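All remarks here apply to the structure that follows.
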Amino acid sequence: MGKGALVRLPLLALLARGPAHGYELKQDLEQLLGSAYPQPNIGQIYVTLGRLEKTGLIEGEEVEQSSRPNKKIYRLTEAGREALNVWFEETADEPRVRDDFFMKLALAPRTGLADQITLINRQRRQYLNTMRALSKLAAAEDRDNRIAHLLIEGAMLHLQADLDWLERCQEELEDTE
Amino acid sequence: MSDRPTPLLRAQGLVKTHHGDGGPVRAVRGVDLSVRQGEFVAVTGPSGAGKSTLLHLLGGLQRPDSGSIHLAGESTDGYSEARWAVKRRKHIGIVFQFFNLVSDLSVADNVELPALLAGVPPKRARARREELLAELSLTGKENSMPGELSGGEQQRVALARALVNHPPLLLADEPAGSLDSKGTREVMRLLSRFHRRGQTIVLVTHDARLASAGDRVISFFDGRIADDAELTSGAPQVRRTGISGVLELKD
């Protein structure tokens, strides 16, 4: 499943309840996920809707508006509903180890250009700063938006795991020095 | 260096080796550390790295094999046990992982006791206790016994007890170590709040979430400081770059 699926399928899912136009979908997404989630802009939403229509997962209908340009109302097709069923049936891929950092760590000694412990310390600072920013986001988010809070908590737990792993790297690599 | 204000806490060349059945463990191997008034310093690292030992040295709960500790410019080298006990009553508040409340005293008495021991008149001690318990959302629990409270509530009582004499320095040793996720968030929120009001805090924790509440994070490995980093305080500008790698909806 490609990256585009990350925005295509949520849009399909929002349409499962009933037809809607692009701007409504954007608002639904914002309300559900809260401010913590970088939202696709309206342009991305229209582009994605266009693609979904082309592949037959949704169909659009132009609706005339008296004083403004026509708007397009989208509805889910049978094929779209089937794609959603498949989506819910599948389990999601597990997150991967930070490959780029890992490559730096693995290759640093061969290049003589960087010190592994310095790399780890720098990376840790980055994670800690992100953790701090996430804490602030959590504090600023509407208390009642449980979905948004779960999202932030998930990001924090991932970071915690990344930090634990850095700790392991440091323990191992300091011994060999 | 000389025109800077005297640090609230300054440790130089601290060394501590534990002698146990498994042979000597070099828990702290030469630590220099300076904490300014109003700072919130988190010390993190794997378990067994010696970070709790470091905190115990800073609070006078254990004595270093060598090295020195200055509190607000004053050397503690010649301190007796009794002198340290007085320091801990008035100048250093400490909270522990397992709360260490007196189990057969009520919540109110647990909080008032250090104030009374420090010579605060009973009426004032009661007023301070009432204020702190209200602040920590514990009003109504005055007559409860510690065993009747949840872990999170017990830790809040311990925090009230640690702060009742308005100590310049608060030491916290894994304060969320035996709490669930909700209790951890609560401790984090409270430490941040007291810090915003100027409380100097040194926190030892293996929990990065808790550590990120500090404005400076020291990574402790194998008895030594591996890194000492000031965290950035701004959330908004980090949002586009830093967090988007963690929280992102891509197309």
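Here's how to read the names in the structure tokens: chain A, B, ... by the order shown, residue numbers from 1 in each chain, ligand numbers from 1 in the order shown.
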With DSSP run on the backbone, what are the strand (DSSP E or B) residues within chain A? I'd like them as a PyMOL selection string.
chain A and resi 20-21+58-63+71-76
Pull out every residue of chain A that has at least one atom within 10 Å of chain B, counting only C-alpha atoms, and report them as JSON, numbers by chain.
{"A": [2, 3, 4, 5, 6, 7, 8, 36, 37, 38, 39, 40, 44, 45, 47, 48, 117, 118, 120, 121, 122, 124, 125, 126, 127, 128, 129, 130, 131, 132, 133, 134, 135, 136, 137, 139, 151, 152, 153, 154, 155, 156, 157, 158, 159, 160, 161, 163, 164, 167, 168, 170, 171, 174]}
Could you turn the residues from that selection into a file that holds N, CA and C atoms, as a short mmCIF file (atom, residue, chain, number, x, y, z; two decimals), in the first residue's frame?
data_model
loop_
_atom_site.label_atom_id
_atom_site.label_comp_id
_atom_site.auth_asym_id
_atom_site.auth_seq_id
_atom_site.Cartn_x
_atom_site.Cartn_y
_atom_site.Cartn_z
N GLY A 2 0.66 2.11 -0.97
CA GLY A 2 1.51 3.30 -1.12
C GLY A 2 1.16 4.37 -0.12
N LYS A 3 1.97 5.43 -0.10
CA LYS A 3 1.77 6.51 0.85
C LYS A 3 0.44 7.22 0.63
N GLY A 4 0.02 7.32 -0.63
CA GLY A 4 -1.23 8.00 -0.94
C GLY A 4 -2.42 7.39 -0.22
N ALA A 5 -2.29 6.09 0.09
CA ALA A 5 -3.37 5.40 0.79
C ALA A 5 -3.66 6.06 2.13
N LEU A 6 -2.65 6.73 2.70
CA LEU A 6 -2.82 7.33 4.01
C LEU A 6 -3.82 8.47 3.99
N VAL A 7 -4.02 9.08 2.83
CA VAL A 7 -5.07 10.09 2.78
C VAL A 7 -6.28 9.60 2.00
N ARG A 8 -6.04 8.69 1.03
CA ARG A 8 -7.17 8.20 0.23
C ARG A 8 -8.18 7.45 1.07
N ALA A 36 -3.08 18.29 16.48
CA ALA A 36 -1.77 17.63 16.52
C ALA A 36 -1.38 17.04 15.18
N TYR A 37 -2.37 16.70 14.39
CA TYR A 37 -2.09 16.00 13.15
C TYR A 37 -1.94 16.99 12.01
N PRO A 38 -0.77 17.04 11.38
CA PRO A 38 -0.64 17.95 10.24
C PRO A 38 -1.68 17.56 9.18
N GLN A 39 -2.55 18.47 8.89
CA GLN A 39 -3.69 18.15 8.03
C GLN A 39 -3.35 18.36 6.56
N PRO A 40 -3.92 17.55 5.68
CA PRO A 40 -3.74 17.82 4.25
C PRO A 40 -4.47 19.13 3.93
N GLN A 44 -4.75 19.26 -1.65
CA GLN A 44 -4.45 17.83 -1.61
C GLN A 44 -5.74 17.01 -1.58
N ILE A 45 -6.72 17.51 -0.85
CA ILE A 45 -7.98 16.78 -0.75
C ILE A 45 -8.67 16.70 -2.11
N VAL A 47 -7.28 16.97 -5.08
CA VAL A 47 -6.48 16.11 -5.96
C VAL A 47 -6.78 14.64 -5.68
N THR A 48 -6.80 14.30 -4.38
CA THR A 48 -7.04 12.91 -3.99
C THR A 48 -8.45 12.47 -4.40
N ILE A 117 29.21 7.93 19.25
CA ILE A 117 28.58 8.44 20.47
C ILE A 117 28.09 9.87 20.25
N THR A 118 28.84 10.64 19.48
CA THR A 118 28.39 12.00 19.15
C THR A 118 27.09 11.93 18.34
N ILE A 120 24.85 9.57 18.44
CA ILE A 120 23.77 9.15 19.35
C ILE A 120 23.31 10.33 20.20
N ASN A 121 24.27 11.06 20.75
CA ASN A 121 23.90 12.20 21.60
C ASN A 121 23.10 13.24 20.84
N ARG A 122 23.52 13.50 19.61
CA ARG A 122 22.82 14.50 18.81
C ARG A 122 21.40 14.04 18.49
N ARG A 124 19.66 11.95 20.21
CA ARG A 124 18.85 11.96 21.42
C ARG A 124 18.30 13.35 21.70
N ARG A 125 19.13 14.36 21.49
CA ARG A 125 18.65 15.73 21.70
C ARG A 125 17.45 16.03 20.81
N GLN A 126 17.58 15.59 19.56
CA GLN A 126 16.47 15.80 18.62
C GLN A 126 15.18 15.13 19.13
N TYR A 127 15.31 13.87 19.56
CA TYR A 127 14.12 13.15 20.04
C TYR A 127 13.54 13.81 21.29
N LEU A 128 14.44 14.24 22.18
CA LEU A 128 13.95 14.86 23.42
C LEU A 128 13.22 16.17 23.12
N ASN A 129 13.74 16.93 22.17
CA ASN A 129 13.06 18.17 21.80
C ASN A 129 11.70 17.87 21.17
N THR A 130 11.64 16.82 20.35
CA THR A 130 10.35 16.46 19.77
C THR A 130 9.39 15.99 20.86
N MET A 131 9.93 15.23 21.81
CA MET A 131 9.10 14.76 22.92
C MET A 131 8.51 15.94 23.68
N ARG A 132 9.35 16.94 23.89
CA ARG A 132 8.90 18.13 24.61
C ARG A 132 7.80 18.85 23.81
N ALA A 133 8.00 18.94 22.51
CA ALA A 133 6.99 19.59 21.67
C ALA A 133 5.68 18.80 21.71
N LEU A 134 5.79 17.48 21.71
CA LEU A 134 4.58 16.66 21.78
C LEU A 134 3.86 16.87 23.11
N SER A 135 4.63 16.96 24.20
CA SER A 135 4.01 17.22 25.51
C SER A 135 3.23 18.52 25.48
N LYS A 136 3.82 19.51 24.82
CA LYS A 136 3.14 20.81 24.75
C LYS A 136 1.88 20.72 23.90
N LEU A 137 1.98 19.97 22.81
CA LEU A 137 0.79 19.78 21.98
C LEU A 137 -0.31 19.10 22.78
N ALA A 139 -0.77 19.17 25.94
CA ALA A 139 -1.32 20.09 26.92
C ALA A 139 -2.26 21.10 26.27
N LEU A 151 -3.48 9.74 19.63
CA LEU A 151 -2.51 9.90 18.55
C LEU A 151 -1.19 10.45 19.09
N ILE A 152 -1.28 11.49 19.93
CA ILE A 152 -0.08 12.10 20.49
C ILE A 152 0.63 11.09 21.41
N GLU A 153 -0.17 10.38 22.19
CA GLU A 153 0.43 9.40 23.10
C GLU A 153 1.16 8.31 22.31
N GLY A 154 0.57 7.92 21.19
CA GLY A 154 1.22 6.92 20.33
C GLY A 154 2.56 7.43 19.83
N ALA A 155 2.58 8.68 19.40
CA ALA A 155 3.83 9.26 18.91
C ALA A 155 4.87 9.31 20.02
N MET A 156 4.41 9.62 21.25
CA MET A 156 5.34 9.69 22.37
C MET A 156 5.90 8.32 22.72
N LEU A 157 5.06 7.32 22.66
CA LEU A 157 5.53 5.97 22.98
C LEU A 157 6.53 5.47 21.93
N HIS A 158 6.28 5.82 20.66
CA HIS A 158 7.26 5.48 19.62
C HIS A 158 8.60 6.15 19.90
N LEU A 159 8.53 7.42 20.26
CA LEU A 159 9.77 8.15 20.57
C LEU A 159 10.48 7.55 21.77
N GLN A 160 9.67 7.17 22.76
CA GLN A 160 10.26 6.54 23.95
C GLN A 160 11.04 5.28 23.53
N ALA A 161 10.45 4.51 22.63
CA ALA A 161 11.12 3.30 22.15
C ALA A 161 12.40 3.66 21.40
N LEU A 163 14.22 6.26 21.91
CA LEU A 163 15.20 6.69 22.91
C LEU A 163 15.78 5.49 23.66
N ASP A 164 14.93 4.51 23.96
CA ASP A 164 15.43 3.30 24.63
C ASP A 164 16.46 2.60 23.75
N GLU A 167 19.71 4.26 23.81
CA GLU A 167 20.38 3.91 25.05
C GLU A 167 21.12 2.57 24.90
N ARG A 168 20.45 1.62 24.27
CA ARG A 168 21.07 0.31 24.02
C ARG A 168 22.31 0.48 23.14
N GLN A 170 24.16 3.04 22.83
CA GLN A 170 25.22 3.70 23.58
C GLN A 170 25.92 2.73 24.53
N GLU A 171 25.12 1.89 25.20
CA GLU A 171 25.69 0.90 26.12
C GLU A 171 26.64 -0.04 25.37
N GLU A 174 29.81 1.98 23.69
CA GLU A 174 30.79 2.55 24.61
C GLU A 174 31.72 1.48 25.15
#
Taking 2 positions as the minimum chain separation for residues in the same chain, which residues sit within 10 Å of Ile69 in chain B when counting only C-alpha atoms? Answer as JSON, numbers by chain.
{"B": [9, 10, 11, 12, 13, 14, 32, 33, 34, 57, 58, 59, 60, 64, 67, 71, 72, 73, 74, 75, 76, 77]}
Just the selected residues (C-alpha atoms), exported as a short mmCIF file (atom, residue, chain, number, x, y, z; two decimals), in the first residue's frame, please.
data_model
loop_
_atom_site.label_atom_id
_atom_site.label_comp_id
_atom_site.auth_asym_id
_atom_site.auth_seq_id
_atom_site.Cartn_x
_atom_site.Cartn_y
_atom_site.Cartn_z
CA LEU B 9 23.86 23.33 43.63
CA ARG B 10 27.39 22.55 42.57
CA ALA B 11 28.96 19.12 42.60
CA GLN B 12 32.60 18.51 41.70
CA GLY B 13 34.39 15.25 41.13
CA LEU B 14 31.75 13.11 42.81
CA ASP B 32 30.70 17.63 37.84
CA LEU B 33 27.31 19.25 37.86
CA SER B 34 26.01 22.75 38.39
CA LEU B 57 24.56 12.09 47.03
CA LEU B 58 23.05 15.47 46.12
CA GLY B 59 20.51 15.16 48.93
CA GLY B 60 23.04 13.93 51.49
CA PRO B 64 30.52 10.41 48.30
CA GLY B 67 34.31 15.02 45.61
CA LEU B 71 24.60 24.25 48.28
CA ALA B 72 24.06 27.93 47.44
CA GLY B 73 27.80 28.44 47.67
CA GLU B 74 28.19 26.68 51.01
CA SER B 75 30.41 23.61 51.21
CA THR B 76 28.72 20.54 52.71
CA ASP B 77 32.03 18.75 53.25
#
Would you list the contacts of Leu76 in chain A as a list of chain:residue names, taking every protein, DNA or RNA residue within 7 Å and counting only C-alpha atoms, but skipping same-chain residues closer than 3 positions in sequence?
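The neighbour list is A:Leu12, A:Leu15, A:Ala16, A:Leu57, A:Ile58, A:Glu59, A:Gly80, A:Arg81.
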Residue nearest Arg75 in chain A - candidates A:Glu61, A:Asp162, A:Glu24, A:Asp99, atoms counted: only C-alpha atoms
A:Glu61
Excluding Ile147 in chain A and its own-chain neighbours fewer than 3 positions away, which residues fall within 8 Å of it when counting only C-alpha atoms? Please give them as a ChimeraX atom specification.
/A:32-34,150-151
Since we have the selection now, will you write its residues out, keeping C-alpha atoms, as an mmCIF file, in the first residue's frame?
data_model
loop_
_atom_site.group_PDB
_atom_site.id
_atom_site.type_symbol
_atom_site.label_atom_id
_atom_site.label_comp_id
_atom_site.auth_asym_id
_atom_site.auth_seq_id
_atom_site.Cartn_x
_atom_site.Cartn_y
_atom_site.Cartn_z
ATOM 1 C CA LEU A 32 -11.647 14.111 14.388
ATOM 2 C CA LEU A 33 -7.877 14.272 14.615
ATOM 3 C CA GLY A 34 -7.312 17.575 16.357
ATOM 4 C CA LEU A 150 -4.311 8.828 21.688
ATOM 5 C CA LEU A 151 -2.507 9.905 18.547
#
Identify, on the basis of only C-alpha atoms, every residue whose closest approach to range 99-112 of chain B does not exceed 6 Å; exclude the query and any residue fewer than 2 positions from it along the same chain; express the result as a ChimeraX atom specification.
/B:96-97,114-115,125,142-146,155,158,161
Could you please take those selected residues and save N, CA and C atoms as a compact mmCIF listing (two decimals), in the first residue's frame?
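Written output follows (out39.txt):
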# COMPACT_ATOMS: atom_id res chain seq x y z
N PHE B 96 10.23 10.34 46.34
CA PHE B 96 10.79 9.05 45.96
C PHE B 96 9.81 8.26 45.12
N GLN B 97 10.31 7.19 44.50
CA GLN B 97 9.45 6.34 43.67
C GLN B 97 8.30 5.73 44.49
N PRO B 114 6.85 17.73 58.61
CA PRO B 114 8.14 18.40 58.35
C PRO B 114 8.11 19.89 58.70
N ALA B 115 6.95 20.51 58.55
CA ALA B 115 6.84 21.93 58.90
C ALA B 115 6.99 22.10 60.41
N ALA B 125 1.57 25.88 59.93
CA ALA B 125 1.77 24.57 59.30
C ALA B 125 0.46 24.08 58.70
N GLU B 142 -7.74 14.84 53.75
CA GLU B 142 -6.88 15.16 54.91
C GLU B 142 -6.83 14.03 55.92
N ASN B 143 -7.99 13.42 56.18
CA ASN B 143 -8.03 12.42 57.23
C ASN B 143 -7.82 10.99 56.74
N SER B 144 -7.60 10.85 55.43
CA SER B 144 -7.34 9.51 54.90
C SER B 144 -5.96 9.05 55.34
N MET B 145 -5.79 7.72 55.38
CA MET B 145 -4.47 7.17 55.65
C MET B 145 -3.83 6.88 54.29
N PRO B 146 -2.51 6.96 54.19
CA PRO B 146 -1.86 6.76 52.89
C PRO B 146 -2.31 5.48 52.18
N GLN B 155 1.54 9.99 45.70
CA GLN B 155 2.68 10.75 45.22
C GLN B 155 2.41 12.25 45.35
N ALA B 158 3.12 13.12 48.82
CA ALA B 158 4.57 13.17 49.02
C ALA B 158 5.14 14.47 48.48
N ARG B 161 4.32 17.16 50.93
CA ARG B 161 5.22 17.05 52.07
C ARG B 161 6.60 17.64 51.73
Backbone-only DSSP, helix (DSSP H, G or I) members of range 2-251 of chain B, as a short mmCIF file (atom, residue, chain, number, x, y, z; two decimals) with N, CA and C atoms, in the first residue's frame:
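As a result, out-v9.cif now contains:
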data_model
loop_
_atom_site.label_atom_id
_atom_site.label_comp_id
_atom_site.auth_asym_id
_atom_site.auth_seq_id
_atom_site.Cartn_x
_atom_site.Cartn_y
_atom_site.Cartn_z
N LYS B 51 22.12 6.80 38.41
CA LYS B 51 21.49 8.11 38.53
C LYS B 51 20.79 8.32 39.88
N SER B 52 20.22 7.25 40.44
CA SER B 52 19.63 7.39 41.77
C SER B 52 20.70 7.64 42.83
N THR B 53 21.82 6.94 42.69
CA THR B 53 22.93 7.18 43.62
C THR B 53 23.36 8.64 43.56
N LEU B 54 23.44 9.18 42.34
CA LEU B 54 23.81 10.58 42.18
C LEU B 54 22.85 11.48 42.96
N LEU B 55 21.55 11.20 42.81
CA LEU B 55 20.55 12.03 43.49
C LEU B 55 20.69 11.92 45.01
N HIS B 56 20.96 10.69 45.46
CA HIS B 56 21.13 10.48 46.90
C HIS B 56 22.35 11.24 47.43
N LEU B 57 23.38 11.30 46.62
CA LEU B 57 24.56 12.09 47.03
C LEU B 57 24.19 13.57 47.13
N LEU B 58 23.41 14.05 46.14
CA LEU B 58 23.05 15.47 46.12
C LEU B 58 22.18 15.85 47.31
N GLU B 81 25.48 14.01 59.92
CA GLU B 81 24.16 13.47 59.56
C GLU B 81 23.06 14.44 59.98
N ALA B 82 23.21 14.96 61.21
CA ALA B 82 22.17 15.84 61.76
C ALA B 82 22.05 17.12 60.93
N ARG B 83 23.20 17.61 60.49
CA ARG B 83 23.19 18.84 59.69
C ARG B 83 22.49 18.61 58.35
N TRP B 84 22.80 17.45 57.75
CA TRP B 84 22.11 17.10 56.50
C TRP B 84 20.60 16.97 56.72
N ALA B 85 20.24 16.37 57.83
CA ALA B 85 18.80 16.19 58.12
C ALA B 85 18.11 17.54 58.20
N VAL B 86 18.77 18.51 58.81
CA VAL B 86 18.19 19.85 58.90
C VAL B 86 18.09 20.47 57.50
N LYS B 87 19.14 20.27 56.69
CA LYS B 87 19.13 20.77 55.30
C LYS B 87 17.93 20.21 54.54
N ARG B 88 17.73 18.91 54.71
CA ARG B 88 16.63 18.25 53.98
C ARG B 88 15.27 18.72 54.48
N ARG B 89 15.24 19.13 55.71
CA ARG B 89 13.96 19.60 56.24
C ARG B 89 13.63 20.98 55.63
N LYS B 90 14.62 21.83 55.53
CA LYS B 90 14.33 23.23 55.16
C LYS B 90 14.71 23.61 53.74
N VAL B 107 -3.00 11.84 56.04
CA VAL B 107 -2.46 12.70 54.98
C VAL B 107 -2.06 14.06 55.55
N ALA B 108 -2.95 14.65 56.34
CA ALA B 108 -2.69 15.98 56.90
C ALA B 108 -1.42 15.96 57.75
N ASP B 109 -1.30 14.93 58.60
CA ASP B 109 -0.13 14.87 59.49
C ASP B 109 1.16 14.62 58.71
N ASN B 110 1.08 13.79 57.66
CA ASN B 110 2.26 13.55 56.84
C ASN B 110 2.80 14.85 56.26
N VAL B 111 1.87 15.71 55.84
CA VAL B 111 2.31 16.96 55.20
C VAL B 111 2.77 17.97 56.25
N GLU B 112 2.09 18.02 57.38
CA GLU B 112 2.43 19.03 58.39
C GLU B 112 3.69 18.70 59.18
N LEU B 113 3.97 17.40 59.31
CA LEU B 113 5.08 16.99 60.17
C LEU B 113 6.41 17.70 59.86
N PRO B 114 6.85 17.73 58.61
CA PRO B 114 8.14 18.40 58.35
C PRO B 114 8.11 19.89 58.70
N ALA B 115 6.95 20.51 58.55
CA ALA B 115 6.84 21.93 58.90
C ALA B 115 6.99 22.10 60.41
N LEU B 116 6.31 21.24 61.16
CA LEU B 116 6.39 21.33 62.62
C LEU B 116 7.81 21.04 63.10
N LEU B 117 8.44 20.04 62.47
CA LEU B 117 9.82 19.71 62.84
C LEU B 117 10.77 20.87 62.55
N PRO B 122 2.14 25.67 64.65
CA PRO B 122 1.09 24.74 64.19
C PRO B 122 0.05 25.39 63.29
N LYS B 123 -0.34 26.62 63.60
CA LYS B 123 -1.37 27.28 62.80
C LYS B 123 -0.89 27.52 61.37
N ARG B 124 0.36 27.98 61.28
CA ARG B 124 0.94 28.22 59.96
C ARG B 124 1.13 26.92 59.19
N ALA B 125 1.57 25.88 59.93
CA ALA B 125 1.77 24.57 59.30
C ALA B 125 0.46 24.08 58.70
N ARG B 126 -0.63 24.28 59.44
CA ARG B 126 -1.94 23.83 58.96
C ARG B 126 -2.35 24.62 57.72
N ALA B 127 -2.11 25.92 57.78
CA ALA B 127 -2.47 26.77 56.63
C ALA B 127 -1.71 26.35 55.38
N ARG B 128 -0.40 26.10 55.54
CA ARG B 128 0.39 25.67 54.39
C ARG B 128 -0.09 24.33 53.86
N ARG B 129 -0.41 23.43 54.79
CA ARG B 129 -0.89 22.11 54.38
C ARG B 129 -2.19 22.25 53.58
N GLU B 130 -3.10 23.08 54.10
CA GLU B 130 -4.39 23.26 53.41
C GLU B 130 -4.18 23.81 52.00
N GLU B 131 -3.29 24.77 51.92
CA GLU B 131 -3.02 25.40 50.63
C GLU B 131 -2.45 24.39 49.64
N LEU B 132 -1.48 23.61 50.09
CA LEU B 132 -0.84 22.65 49.19
C LEU B 132 -1.81 21.53 48.77
N LEU B 133 -2.59 21.04 49.73
CA LEU B 133 -3.51 19.96 49.38
C LEU B 133 -4.57 20.45 48.39
N ALA B 134 -4.98 21.71 48.55
CA ALA B 134 -5.95 22.26 47.60
C ALA B 134 -5.31 22.36 46.22
N GLU B 135 -4.09 22.87 46.21
CA GLU B 135 -3.33 23.02 44.97
C GLU B 135 -3.16 21.68 44.25
N PRO B 146 -2.51 6.96 54.19
CA PRO B 146 -1.86 6.76 52.89
C PRO B 146 -2.31 5.48 52.18
N GLY B 147 -2.49 4.40 52.94
CA GLY B 147 -2.87 3.13 52.34
C GLY B 147 -4.23 3.16 51.66
N GLU B 148 -5.04 4.15 51.98
CA GLU B 148 -6.37 4.24 51.37
C GLU B 148 -6.35 5.00 50.05
N GLY B 151 -1.95 5.28 44.03
CA GLY B 151 -0.54 5.62 43.91
C GLY B 151 -0.34 7.08 43.52
N GLY B 152 -1.16 7.54 42.57
CA GLY B 152 -1.04 8.92 42.11
C GLY B 152 -1.33 9.91 43.24
N GLU B 153 -2.34 9.58 44.05
CA GLU B 153 -2.68 10.47 45.18
C GLU B 153 -1.56 10.46 46.23
N GLN B 154 -1.01 9.26 46.49
CA GLN B 154 0.07 9.19 47.47
C GLN B 154 1.27 10.01 47.01
N GLN B 155 1.54 9.99 45.70
CA GLN B 155 2.68 10.75 45.22
C GLN B 155 2.41 12.25 45.35
N ARG B 156 1.16 12.65 45.18
CA ARG B 156 0.84 14.07 45.35
C ARG B 156 1.00 14.48 46.82
N VAL B 157 0.62 13.58 47.74
CA VAL B 157 0.83 13.87 49.16
C VAL B 157 2.33 14.01 49.43
N ALA B 158 3.12 13.12 48.82
CA ALA B 158 4.57 13.17 49.02
C ALA B 158 5.14 14.47 48.48
N LEU B 159 4.57 14.94 47.38
CA LEU B 159 5.01 16.20 46.79
C LEU B 159 4.66 17.37 47.73
N ALA B 160 3.46 17.32 48.29
CA ALA B 160 3.06 18.36 49.25
C ALA B 160 4.00 18.36 50.45
N ARG B 161 4.32 17.16 50.93
CA ARG B 161 5.22 17.05 52.07
C ARG B 161 6.60 17.64 51.73
N ALA B 162 7.05 17.33 50.51
CA ALA B 162 8.39 17.80 50.12
C ALA B 162 8.44 19.32 49.98
N LEU B 163 7.29 19.92 49.67
CA LEU B 163 7.29 21.36 49.38
C LEU B 163 6.79 22.23 50.53
N SER B 181 0.16 5.45 33.37
CA SER B 181 0.35 6.52 32.40
C SER B 181 -0.35 7.81 32.83
N LYS B 182 -1.54 7.66 33.40
CA LYS B 182 -2.28 8.84 33.84
C LYS B 182 -1.57 9.51 35.02
N GLY B 183 -1.10 8.70 35.96
CA GLY B 183 -0.37 9.23 37.11
C GLY B 183 0.91 9.91 36.68
N THR B 184 1.56 9.36 35.66
CA THR B 184 2.80 9.96 35.13
C THR B 184 2.52 11.34 34.58
N ARG B 185 1.44 11.45 33.80
CA ARG B 185 1.09 12.75 33.22
C ARG B 185 0.80 13.77 34.31
N GLU B 186 0.14 13.30 35.37
CA GLU B 186 -0.21 14.18 36.48
C GLU B 186 1.06 14.71 37.17
N VAL B 187 2.00 13.82 37.44
CA VAL B 187 3.26 14.23 38.08
C VAL B 187 3.99 15.23 37.19
N MET B 188 3.97 14.94 35.88
CA MET B 188 4.65 15.80 34.92
C MET B 188 4.04 17.20 34.93
N ARG B 189 2.71 17.23 34.95
CA ARG B 189 2.00 18.51 34.93
C ARG B 189 2.34 19.31 36.20
N LEU B 190 2.36 18.62 37.34
CA LEU B 190 2.59 19.32 38.61
C LEU B 190 4.03 19.82 38.71
N LEU B 191 4.99 18.99 38.31
CA LEU B 191 6.38 19.44 38.36
C LEU B 191 6.56 20.66 37.46
N SER B 192 5.95 20.61 36.27
CA SER B 192 6.06 21.75 35.36
C SER B 192 5.44 23.00 35.97
N ARG B 193 4.34 22.81 36.65
CA ARG B 193 3.67 23.97 37.24
C ARG B 193 4.52 24.61 38.34
N PHE B 194 5.09 23.79 39.23
CA PHE B 194 5.94 24.34 40.30
C PHE B 194 7.20 24.97 39.70
N HIS B 195 7.69 24.35 38.63
CA HIS B 195 8.88 24.91 37.98
C HIS B 195 8.58 26.29 37.39
N ARG B 196 7.42 26.44 36.76
CA ARG B 196 7.05 27.74 36.19
C ARG B 196 7.01 28.83 37.26
N ALA B 208 11.38 9.10 29.27
CA ALA B 208 11.74 10.26 28.44
C ALA B 208 10.62 11.29 28.41
N ARG B 209 9.38 10.83 28.54
CA ARG B 209 8.28 11.79 28.54
C ARG B 209 8.41 12.73 29.72
N LEU B 210 8.67 12.12 30.88
CA LEU B 210 8.84 12.92 32.09
C LEU B 210 10.08 13.81 31.96
N ALA B 211 11.15 13.24 31.44
CA ALA B 211 12.40 14.00 31.31
C ALA B 211 12.21 15.22 30.42
N PRO B 236 5.64 25.60 18.59
CA PRO B 236 5.04 25.85 17.27
C PRO B 236 5.99 25.67 16.09
N GLN B 237 7.20 26.22 16.19
CA GLN B 237 8.06 26.15 15.01
C GLN B 237 8.63 24.75 14.80
N VAL B 238 8.67 23.96 15.86
CA VAL B 238 9.17 22.59 15.74
C VAL B 238 8.13 21.75 14.99
N ARG B 239 6.90 22.22 15.06
CA ARG B 239 5.79 21.42 14.60
C ARG B 239 5.93 20.97 13.15
N ARG B 240 6.36 21.86 12.30
CA ARG B 240 6.41 21.49 10.88
C ARG B 240 7.51 20.48 10.59
N THR B 241 8.67 20.72 11.21
CA THR B 241 9.80 19.84 10.90
C THR B 241 9.89 18.66 11.84
N ILE B 243 8.01 17.34 14.45
CA ILE B 243 6.96 16.38 14.74
C ILE B 243 6.42 15.73 13.50
N SER B 244 6.55 16.42 12.37
CA SER B 244 5.91 15.86 11.19
C SER B 244 6.47 14.49 10.85
N GLY B 245 7.69 14.20 11.30
CA GLY B 245 8.23 12.86 11.08
C GLY B 245 7.54 11.81 11.92
#
Which residues are near Pro167 in chain B? Cut-off 6 Å, only C-alpha atoms, ignore same chain within fewer than 6 positions. Put them as a short mmCIF file (atom, residue, chain, number, x, y, z; two decimals) with C-alpha atoms, in the first residue's frame.
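Wrote result20.cif, looks like this:
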data_model
loop_
_atom_site.label_atom_id
_atom_site.label_comp_id
_atom_site.auth_asym_id
_atom_site.auth_seq_id
_atom_site.Cartn_x
_atom_site.Cartn_y
_atom_site.Cartn_z
CA LYS B 90 14.33 23.23 55.16
CA HIS B 91 16.31 23.50 51.96
CA ILE B 92 15.91 20.29 50.02
CA GLY B 93 12.58 18.57 49.39
#
Atom pair CA of Thr205 in chain B / CA of Leu61 in chain B: separation (Å)
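Calculated distance between CA of Thr205 in chain B and CA of Leu61 in chain B is 17.9 Å.
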